[in-house]
Amino acid sequence: QVQLVESGGGSVQAGGSLRLACVVSVYTDSSNCVAWFRQAPGKEREGVAAIIHSANSAYYTNAMKDRFTISQDNAKNTVDLQMNSLKPEDTAMYYCAATRAYDCYSGSWRIPGVEFNYWGQGTQVTVSS
């Protein structure tokens with residue numbers, strides 16, 4: 001069974017960095033695309049970045065690509081999100097989720113409210129000014 005566990009959240013001042021990690025218990029055809037999402041209070045969930053595990057192909061939301069980097073560590077079975085130059089508006093609960101590869105390369109992972117097969121519990125990121 002596919003399980004996702006996030007870690008690395010915390011509180012940081014504006015301009016700082018955080019690195020989130022998502023442990024993926026097992027990769028299957030239904031979990032080959034792993035994405036990071038975030039949701040701030042009162043706002044819609046939005047996609048941040050995604051990666052196809054088997055191809056190591058990364059995708060970004062335009063607003064994030066200059067400051068955030070998604071990568072995978074196959075030795076640890078993690079998908080990491082490096083976040084630099086953090087801003088107060090980056091404050092949110094960050095979730096990783098997994099689904100089939102099609103949802104990565106088709107771009108559908110960027111659709112608000114998109115359904116993914118598997119979700120983690122989330123990790124809170126708070127950026128203070």
# chains A, B, ... in the order shown; residues from 1 in each chain; ligands from 1
call {"tool": "select_by_dssp", "arguments": {"residues": "region 4-125 of chain A", "states": "alpha helix (DSSP H)", "output": "tab-separated table (two decimals) with all heavy atoms, in the first residue's frame"}}
result
chain	number	residue	atom	x	y	z
A	102	TYR	N	0.50	10.22	-15.85
A	102	TYR	CA	-0.24	11.06	-16.80
A	102	TYR	C	-0.60	12.41	-16.20
A	102	TYR	O	-0.56	13.45	-16.86
A	102	TYR	CB	-1.51	10.35	-17.26
A	102	TYR	CG	-2.37	11.20	-18.15
A	102	TYR	CD1	-2.09	11.35	-19.49
A	102	TYR	CD2	-3.47	11.89	-17.62
A	102	TYR	CE1	-2.87	12.16	-20.31
A	102	TYR	CE2	-4.26	12.69	-18.42
A	102	TYR	CZ	-3.95	12.82	-19.77
A	102	TYR	OH	-4.72	13.61	-20.57
A	103	ASP	N	-0.93	12.42	-14.91
A	103	ASP	CA	-1.34	13.67	-14.28
A	103	ASP	C	-0.19	14.63	-14.08
A	103	ASP	O	-0.41	15.82	-13.86
A	103	ASP	CB	-2.03	13.38	-12.96
A	103	ASP	CG	-3.40	12.75	-13.17
A	103	ASP	OD1	-4.25	13.40	-13.81
A	103	ASP	OD2	-3.60	11.62	-12.71
A	104	CYS	N	1.04	14.12	-14.15
A	104	CYS	CA	2.19	15.02	-14.10
A	104	CYS	C	2.42	15.64	-15.47
A	104	CYS	O	2.38	16.86	-15.63
A	104	CYS	CB	3.45	14.24	-13.70
A	104	CYS	SG	3.84	14.26	-11.93
A	105	TYR	N	2.64	14.79	-16.49
A	105	TYR	CA	3.06	15.35	-17.76
A	105	TYR	C	1.92	16.01	-18.54
A	105	TYR	O	2.16	16.81	-19.44
A	105	TYR	CB	3.81	14.34	-18.63
A	105	TYR	CG	3.07	13.10	-19.07
A	105	TYR	CD1	2.10	13.17	-20.06
A	105	TYR	CD2	3.37	11.86	-18.53
A	105	TYR	CE1	1.44	12.04	-20.49
A	105	TYR	CE2	2.72	10.72	-18.95
A	105	TYR	CZ	1.75	10.81	-19.94
A	105	TYR	OH	1.11	9.68	-20.36
call {"tool": "residues_around", "arguments": {"residues": "region 8-11 of chain A", "least_positions_apart": "6", "cutoff": "6 Å", "atoms": "only C-alpha atoms", "output": "short mmCIF file (atom, residue, chain, number, x, y, z; two decimals) with all heavy atoms, in the first residue's frame"}}
result
data_model
loop_
_atom_site.label_atom_id
_atom_site.label_comp_id
_atom_site.auth_asym_id
_atom_site.auth_seq_id
_atom_site.Cartn_x
_atom_site.Cartn_y
_atom_site.Cartn_z
N ARG A 19 13.51 22.88 3.73
CA ARG A 19 13.51 21.73 2.83
C ARG A 19 12.51 20.71 3.37
O ARG A 19 12.66 20.21 4.48
CB ARG A 19 14.89 21.10 2.73
CG ARG A 19 14.99 20.01 1.67
CD ARG A 19 16.42 19.49 1.57
NE ARG A 19 16.60 18.53 0.49
CZ ARG A 19 16.90 18.87 -0.76
NH1 ARG A 19 17.08 20.14 -1.08
NH2 ARG A 19 17.05 17.94 -1.69
N LEU A 20 11.49 20.45 2.59
CA LEU A 20 10.48 19.48 2.94
C LEU A 20 10.82 18.13 2.32
O LEU A 20 11.39 18.07 1.22
CB LEU A 20 9.09 19.91 2.47
CG LEU A 20 8.64 21.32 2.88
CD1 LEU A 20 7.21 21.57 2.37
CD2 LEU A 20 8.72 21.51 4.37
N THR A 123 2.48 19.05 6.36
CA THR A 123 3.44 19.65 7.27
C THR A 123 3.29 21.17 7.17
O THR A 123 3.19 21.72 6.08
CB THR A 123 4.88 19.19 6.96
OG1 THR A 123 5.79 19.69 7.95
CG2 THR A 123 5.36 19.63 5.58
N GLN A 124 3.25 21.83 8.32
CA GLN A 124 2.97 23.27 8.35
C GLN A 124 4.24 24.08 8.11
O GLN A 124 5.29 23.82 8.72
CB GLN A 124 2.37 23.65 9.71
CG GLN A 124 2.10 25.13 9.88
CD GLN A 124 0.99 25.64 8.99
OE1 GLN A 124 -0.01 24.95 8.75
NE2 GLN A 124 1.15 26.86 8.48
N VAL A 125 4.11 25.07 7.25
CA VAL A 125 5.19 26.03 7.01
C VAL A 125 4.67 27.42 7.37
O VAL A 125 3.61 27.83 6.88
CB VAL A 125 5.64 26.01 5.54
CG1 VAL A 125 6.60 27.15 5.25
CG2 VAL A 125 6.30 24.67 5.22
N THR A 126 5.38 28.11 8.25
CA THR A 126 4.99 29.44 8.67
C THR A 126 6.17 30.39 8.44
O THR A 126 7.27 30.15 8.94
CB THR A 126 4.60 29.47 10.15
OG1 THR A 126 3.52 28.55 10.37
CG2 THR A 126 4.14 30.86 10.56
N VAL A 127 5.91 31.44 7.67
CA VAL A 127 6.95 32.42 7.36
C VAL A 127 6.55 33.76 7.96
O VAL A 127 5.49 34.29 7.65
CB VAL A 127 7.14 32.57 5.84
CG1 VAL A 127 8.30 33.52 5.54
CG2 VAL A 127 7.39 31.20 5.20
#
call {"tool": "select_by_dssp", "arguments": {"residues": "chain A", "states": "strand (DSSP E)", "output": "PyMOL selection string"}}
result
chain A and resi 4-7+10-13+18-24+33-39+46-52+57-60+68-73+78-83+92-99+118-119+123-128
call {"tool": "closest_residue", "arguments": {"among": "A:Val2, A:Val79, A:Cys96, A:Ala63", "to": "Ser25 (chain A)", "atoms": "only C-alpha atoms"}}
result
A:Val2
call {"tool": "residues_around", "arguments": {"residues": "Ser129 (chain A)", "least_positions_apart": "3", "cutoff": "9 Å", "atoms": "only C-alpha atoms", "output": "list in words"}}
result
Gln13, Ala14, Gly15, Lys87 and Pro88 of chain A
call {"tool": "residues_around", "arguments": {"residues": "region 43-49 of chain A", "least_positions_apart": "5", "cutoff": "8 Å", "atoms": "only C-alpha atoms", "output": "ChimeraX atom specification"}}
result
/A:35-38,58-61,64-65,68-70,109-113
call {"tool": "write_last_selection", "arguments": {"atoms": "N, CA, C and O atoms", "output": "mmCIF file, in the first residue's frame"}}
result
data_model
loop_
_atom_site.group_PDB
_atom_site.id
_atom_site.type_symbol
_atom_site.label_atom_id
_atom_site.label_comp_id
_atom_site.auth_asym_id
_atom_site.auth_seq_id
_atom_site.Cartn_x
_atom_site.Cartn_y
_atom_site.Cartn_z
ATOM 1 N N ALA A 35 3.573 14.988 -6.242
ATOM 2 C CA ALA A 35 3.471 16.443 -6.286
ATOM 3 C C ALA A 35 3.384 17.015 -4.880
ATOM 4 O O ALA A 35 2.932 16.353 -3.949
ATOM 5 N N TRP A 36 3.810 18.252 -4.778
ATOM 6 C CA TRP A 36 3.623 19.027 -3.563
ATOM 7 C C TRP A 36 2.510 20.039 -3.796
ATOM 8 O O TRP A 36 2.500 20.730 -4.825
ATOM 9 N N PHE A 37 1.617 20.112 -2.836
ATOM 10 C CA PHE A 37 0.531 21.078 -2.842
ATOM 11 C C PHE A 37 0.603 21.908 -1.561
ATOM 12 O O PHE A 37 1.247 21.514 -0.595
ATOM 13 N N ARG A 38 -0.082 23.025 -1.568
ATOM 14 C CA ARG A 38 -0.182 23.797 -0.334
ATOM 15 C C ARG A 38 -1.574 24.400 -0.235
ATOM 16 O O ARG A 38 -2.239 24.648 -1.244
ATOM 17 N N ALA A 58 10.674 17.009 -13.801
ATOM 18 C CA ALA A 58 10.093 17.931 -12.833
ATOM 19 C C ALA A 58 9.218 18.971 -13.523
ATOM 20 O O ALA A 58 9.489 19.378 -14.660
ATOM 21 N N TYR A 59 8.186 19.395 -12.818
ATOM 22 C CA TYR A 59 7.242 20.376 -13.329
ATOM 23 C C TYR A 59 6.958 21.376 -12.208
ATOM 24 O O TYR A 59 6.942 21.001 -11.034
ATOM 25 N N TYR A 60 6.689 22.622 -12.603
ATOM 26 C CA TYR A 60 6.472 23.664 -11.611
ATOM 27 C C TYR A 60 5.282 24.532 -11.982
ATOM 28 O O TYR A 60 4.965 24.719 -13.158
ATOM 29 N N THR A 61 4.673 25.101 -10.985
ATOM 30 C CA THR A 61 3.759 26.216 -11.188
ATOM 31 C C THR A 61 4.636 27.429 -11.451
ATOM 32 O O THR A 61 5.647 27.630 -10.774
ATOM 33 N N MET A 64 6.182 29.534 -8.716
ATOM 34 C CA MET A 64 7.074 28.907 -7.743
ATOM 35 C C MET A 64 8.445 28.566 -8.299
ATOM 36 O O MET A 64 9.396 28.359 -7.545
ATOM 37 N N LYS A 65 8.574 28.490 -9.603
ATOM 38 C CA LYS A 65 9.746 27.824 -10.167
ATOM 39 C C LYS A 65 11.058 28.558 -9.895
ATOM 40 O O LYS A 65 12.122 27.938 -9.932
ATOM 41 N N PHE A 68 11.489 27.549 -5.734
ATOM 42 C CA PHE A 68 11.290 26.190 -5.222
ATOM 43 C C PHE A 68 11.907 25.179 -6.185
ATOM 44 O O PHE A 68 11.851 25.348 -7.404
ATOM 45 N N THR A 69 12.476 24.115 -5.635
ATOM 46 C CA THR A 69 13.049 23.040 -6.434
ATOM 47 C C THR A 69 12.579 21.702 -5.901
ATOM 48 O O THR A 69 12.721 21.427 -4.702
ATOM 49 N N ILE A 70 12.023 20.887 -6.794
ATOM 50 C CA ILE A 70 11.592 19.539 -6.423
ATOM 51 C C ILE A 70 12.653 18.551 -6.906
ATOM 52 O O ILE A 70 13.225 18.703 -7.989
ATOM 53 N N TRP A 109 -2.080 18.158 -12.806
ATOM 54 C CA TRP A 109 -1.781 18.341 -11.384
ATOM 55 C C TRP A 109 -1.951 19.800 -10.967
ATOM 56 O O TRP A 109 -2.124 20.089 -9.788
ATOM 57 N N ARG A 110 -1.896 20.713 -11.931
ATOM 58 C CA ARG A 110 -2.024 22.134 -11.613
ATOM 59 C C ARG A 110 -3.490 22.564 -11.460
ATOM 60 O O ARG A 110 -3.754 23.688 -11.035
ATOM 61 N N ILE A 111 -4.408 21.733 -11.825
ATOM 62 C CA ILE A 111 -5.817 22.110 -11.775
ATOM 63 C C ILE A 111 -6.271 22.197 -10.316
ATOM 64 O O ILE A 111 -6.098 21.250 -9.554
ATOM 65 N N PRO A 112 -6.838 23.310 -9.901
ATOM 66 C CA PRO A 112 -7.313 23.430 -8.520
ATOM 67 C C PRO A 112 -8.290 22.321 -8.163
ATOM 68 O O PRO A 112 -9.179 22.007 -8.942
ATOM 69 N N GLY A 113 -8.073 21.714 -7.020
ATOM 70 C CA GLY A 113 -8.965 20.654 -6.578
ATOM 71 C C GLY A 113 -8.736 19.318 -7.244
ATOM 72 O O GLY A 113 -9.551 18.396 -7.081
#
call {"tool": "atom_distance", "arguments": {"atom1": "CA of Thr28 (chain A)", "atom2": "CA of Met83 (chain A)"}}
result
27.0 Å
call {"tool": "closest_residue", "arguments": {"among": "A:Leu86, A:Val34, A:Val12, A:Leu18", "to": "Ser71 (chain A)", "atoms": "only C-alpha atoms"}}
result
A:Val34
call {"tool": "closest_residue", "arguments": {"among": "A:Gln3, A:Thr99, A:Ser85, A:Ser128", "to": "Cys22 (chain A)", "atoms": "only C-alpha atoms"}}
result
A:Gln3
call {"tool": "residues_around", "arguments": {"residues": "Asn32 (chain A)", "least_positions_apart": "4", "cutoff": "6 Å", "atoms": "only C-alpha atoms", "output": "ChimeraX atom specification"}}
result
/A:27-28,52-53,100-101
call {"tool": "closest_residue", "arguments": {"among": "A:Gln121, A:Ala98, A:Glu115, A:Pro41", "to": "Asp29 (chain A)", "atoms": "only C-alpha atoms"}}
result
A:Ala98
call {"tool": "atom_distance", "arguments": {"atom1": "CA of Arg67 (chain A)", "atom2": "CA of Tyr94 (chain A)"}}
result
15.5 Å
call {"tool": "decode", "arguments": {"residues": "region 83-128 of chain A", "atoms": "N, CA and C atoms", "output": "tab-separated table (two decimals), in the first residue's frame"}}
result
chain	number	residue	atom	x	y	z
A	83	MET	N	12.79	25.05	-0.60
A	83	MET	CA	12.12	26.34	-0.72
A	83	MET	C	13.06	27.43	-0.24
A	84	ASN	N	13.36	28.35	-1.14
A	84	ASN	CA	14.28	29.45	-0.83
A	84	ASN	C	13.56	30.79	-0.91
A	85	SER	N	14.17	31.79	-0.33
A	85	SER	CA	13.63	33.16	-0.36
A	85	SER	C	12.16	33.17	0.04
A	86	LEU	N	11.87	32.53	1.13
A	86	LEU	CA	10.48	32.37	1.55
A	86	LEU	C	9.85	33.71	1.91
A	87	LYS	N	8.55	33.79	1.63
A	87	LYS	CA	7.77	35.00	1.87
A	87	LYS	C	6.62	34.67	2.82
A	88	PRO	N	6.10	35.67	3.51
A	88	PRO	CA	4.95	35.39	4.39
A	88	PRO	C	3.79	34.73	3.65
A	89	GLU	N	3.60	35.05	2.40
A	89	GLU	CA	2.50	34.46	1.63
A	89	GLU	C	2.74	32.98	1.30
A	90	ASP	N	3.92	32.46	1.60
A	90	ASP	CA	4.17	31.03	1.44
A	90	ASP	C	3.66	30.23	2.64
A	91	THR	N	3.19	30.93	3.66
A	91	THR	CA	2.66	30.26	4.83
A	91	THR	C	1.45	29.41	4.45
A	92	ALA	N	1.51	28.13	4.77
A	92	ALA	CA	0.44	27.21	4.40
A	92	ALA	C	0.76	25.83	4.97
A	93	MET	N	-0.23	24.95	4.88
A	93	MET	CA	0.01	23.54	5.11
A	93	MET	C	0.46	22.95	3.77
A	94	TYR	N	1.56	22.24	3.80
A	94	TYR	CA	2.10	21.65	2.58
A	94	TYR	C	1.86	20.14	2.59
A	95	TYR	N	1.34	19.64	1.50
A	95	TYR	CA	1.01	18.23	1.36
A	95	TYR	C	1.75	17.63	0.18
A	96	CYS	N	2.16	16.39	0.30
A	96	CYS	CA	2.59	15.66	-0.88
A	96	CYS	C	1.50	14.65	-1.23
A	97	ALA	N	1.43	14.36	-2.49
A	97	ALA	CA	0.41	13.45	-3.00
A	97	ALA	C	0.98	12.69	-4.19
A	98	ALA	N	0.39	11.55	-4.48
A	98	ALA	CA	0.89	10.71	-5.57
A	98	ALA	C	-0.26	10.20	-6.43
A	99	THR	N	0.03	10.07	-7.70
A	99	THR	CA	-0.96	9.53	-8.63
A	99	THR	C	-0.23	9.01	-9.86
A	100	ARG	N	-0.94	8.72	-10.91
A	100	ARG	CA	-0.33	8.17	-12.12
A	100	ARG	C	0.49	9.24	-12.85
A	101	ALA	N	1.43	8.80	-13.66
A	101	ALA	CA	2.33	9.72	-14.34
A	101	ALA	C	1.60	10.67	-15.28
A	102	TYR	N	0.50	10.22	-15.85
A	102	TYR	CA	-0.24	11.06	-16.80
A	102	TYR	C	-0.60	12.41	-16.20
A	103	ASP	N	-0.93	12.42	-14.91
A	103	ASP	CA	-1.34	13.67	-14.28
A	103	ASP	C	-0.19	14.63	-14.08
A	104	CYS	N	1.04	14.12	-14.15
A	104	CYS	CA	2.19	15.02	-14.10
A	104	CYS	C	2.42	15.64	-15.47
A	105	TYR	N	2.64	14.79	-16.49
A	105	TYR	CA	3.06	15.35	-17.76
A	105	TYR	C	1.92	16.01	-18.54
A	106	SER	N	0.68	15.71	-18.20
A	106	SER	CA	-0.44	16.39	-18.86
A	106	SER	C	-0.68	17.77	-18.28
A	107	GLY	N	-0.12	18.02	-17.10
A	107	GLY	CA	-0.34	19.30	-16.45
A	107	GLY	C	-1.58	19.34	-15.58
A	108	SER	N	-2.30	18.26	-15.50
A	108	SER	CA	-3.56	18.29	-14.75
A	108	SER	C	-3.32	18.44	-13.24
A	109	TRP	N	-2.08	18.16	-12.81
A	109	TRP	CA	-1.78	18.34	-11.38
A	109	TRP	C	-1.95	19.80	-10.97
A	110	ARG	N	-1.90	20.71	-11.93
A	110	ARG	CA	-2.02	22.13	-11.61
A	110	ARG	C	-3.49	22.56	-11.46
A	111	ILE	N	-4.41	21.73	-11.82
A	111	ILE	CA	-5.82	22.11	-11.77
A	111	ILE	C	-6.27	22.20	-10.32
A	112	PRO	N	-6.84	23.31	-9.90
A	112	PRO	CA	-7.31	23.43	-8.52
A	112	PRO	C	-8.29	22.32	-8.16
A	113	GLY	N	-8.07	21.71	-7.02
A	113	GLY	CA	-8.97	20.65	-6.58
A	113	GLY	C	-8.74	19.32	-7.24
A	114	VAL	N	-7.64	19.18	-7.98
A	114	VAL	CA	-7.38	17.91	-8.67
A	114	VAL	C	-7.33	16.77	-7.67
A	115	GLU	N	-7.83	15.63	-8.10
A	115	GLU	CA	-7.81	14.45	-7.25
A	115	GLU	C	-6.54	13.64	-7.49
A	116	PHE	N	-5.89	13.27	-6.42
A	116	PHE	CA	-4.74	12.37	-6.48
A	116	PHE	C	-5.09	11.09	-5.74
A	117	ASN	N	-4.39	10.00	-6.07
A	117	ASN	CA	-4.71	8.71	-5.47
A	117	ASN	C	-4.34	8.63	-3.99
A	118	TYR	N	-3.24	9.25	-3.63
A	118	TYR	CA	-2.72	9.11	-2.27
A	118	TYR	C	-2.28	10.48	-1.75
A	119	TRP	N	-2.50	10.69	-0.46
A	119	TRP	CA	-2.14	11.96	0.17
A	119	TRP	C	-1.44	11.72	1.50
A	120	GLY	N	-0.50	12.61	1.82
A	120	GLY	CA	0.08	12.61	3.14
A	120	GLY	C	-0.74	13.47	4.08
A	121	GLN	N	-0.30	13.55	5.32
A	121	GLN	CA	-1.04	14.30	6.34
A	121	GLN	C	-0.70	15.77	6.35
A	122	GLY	N	0.39	16.15	5.73
A	122	GLY	CA	0.75	17.55	5.65
A	122	GLY	C	1.78	17.98	6.67
A	123	THR	N	2.48	19.05	6.36
A	123	THR	CA	3.44	19.65	7.27
A	123	THR	C	3.29	21.17	7.17
A	124	GLN	N	3.25	21.83	8.32
A	124	GLN	CA	2.97	23.27	8.35
A	124	GLN	C	4.24	24.08	8.11
A	125	VAL	N	4.11	25.07	7.25
A	125	VAL	CA	5.19	26.03	7.01
A	125	VAL	C	4.67	27.42	7.37
A	126	THR	N	5.38	28.11	8.25
A	126	THR	CA	4.99	29.44	8.67
A	126	THR	C	6.17	30.39	8.44
A	127	VAL	N	5.91	31.44	7.67
A	127	VAL	CA	6.95	32.42	7.36
A	127	VAL	C	6.55	33.76	7.96
A	128	SER	N	7.39	34.28	8.81
A	128	SER	CA	7.09	35.55	9.48
A	128	SER	C	7.87	36.69	8.83
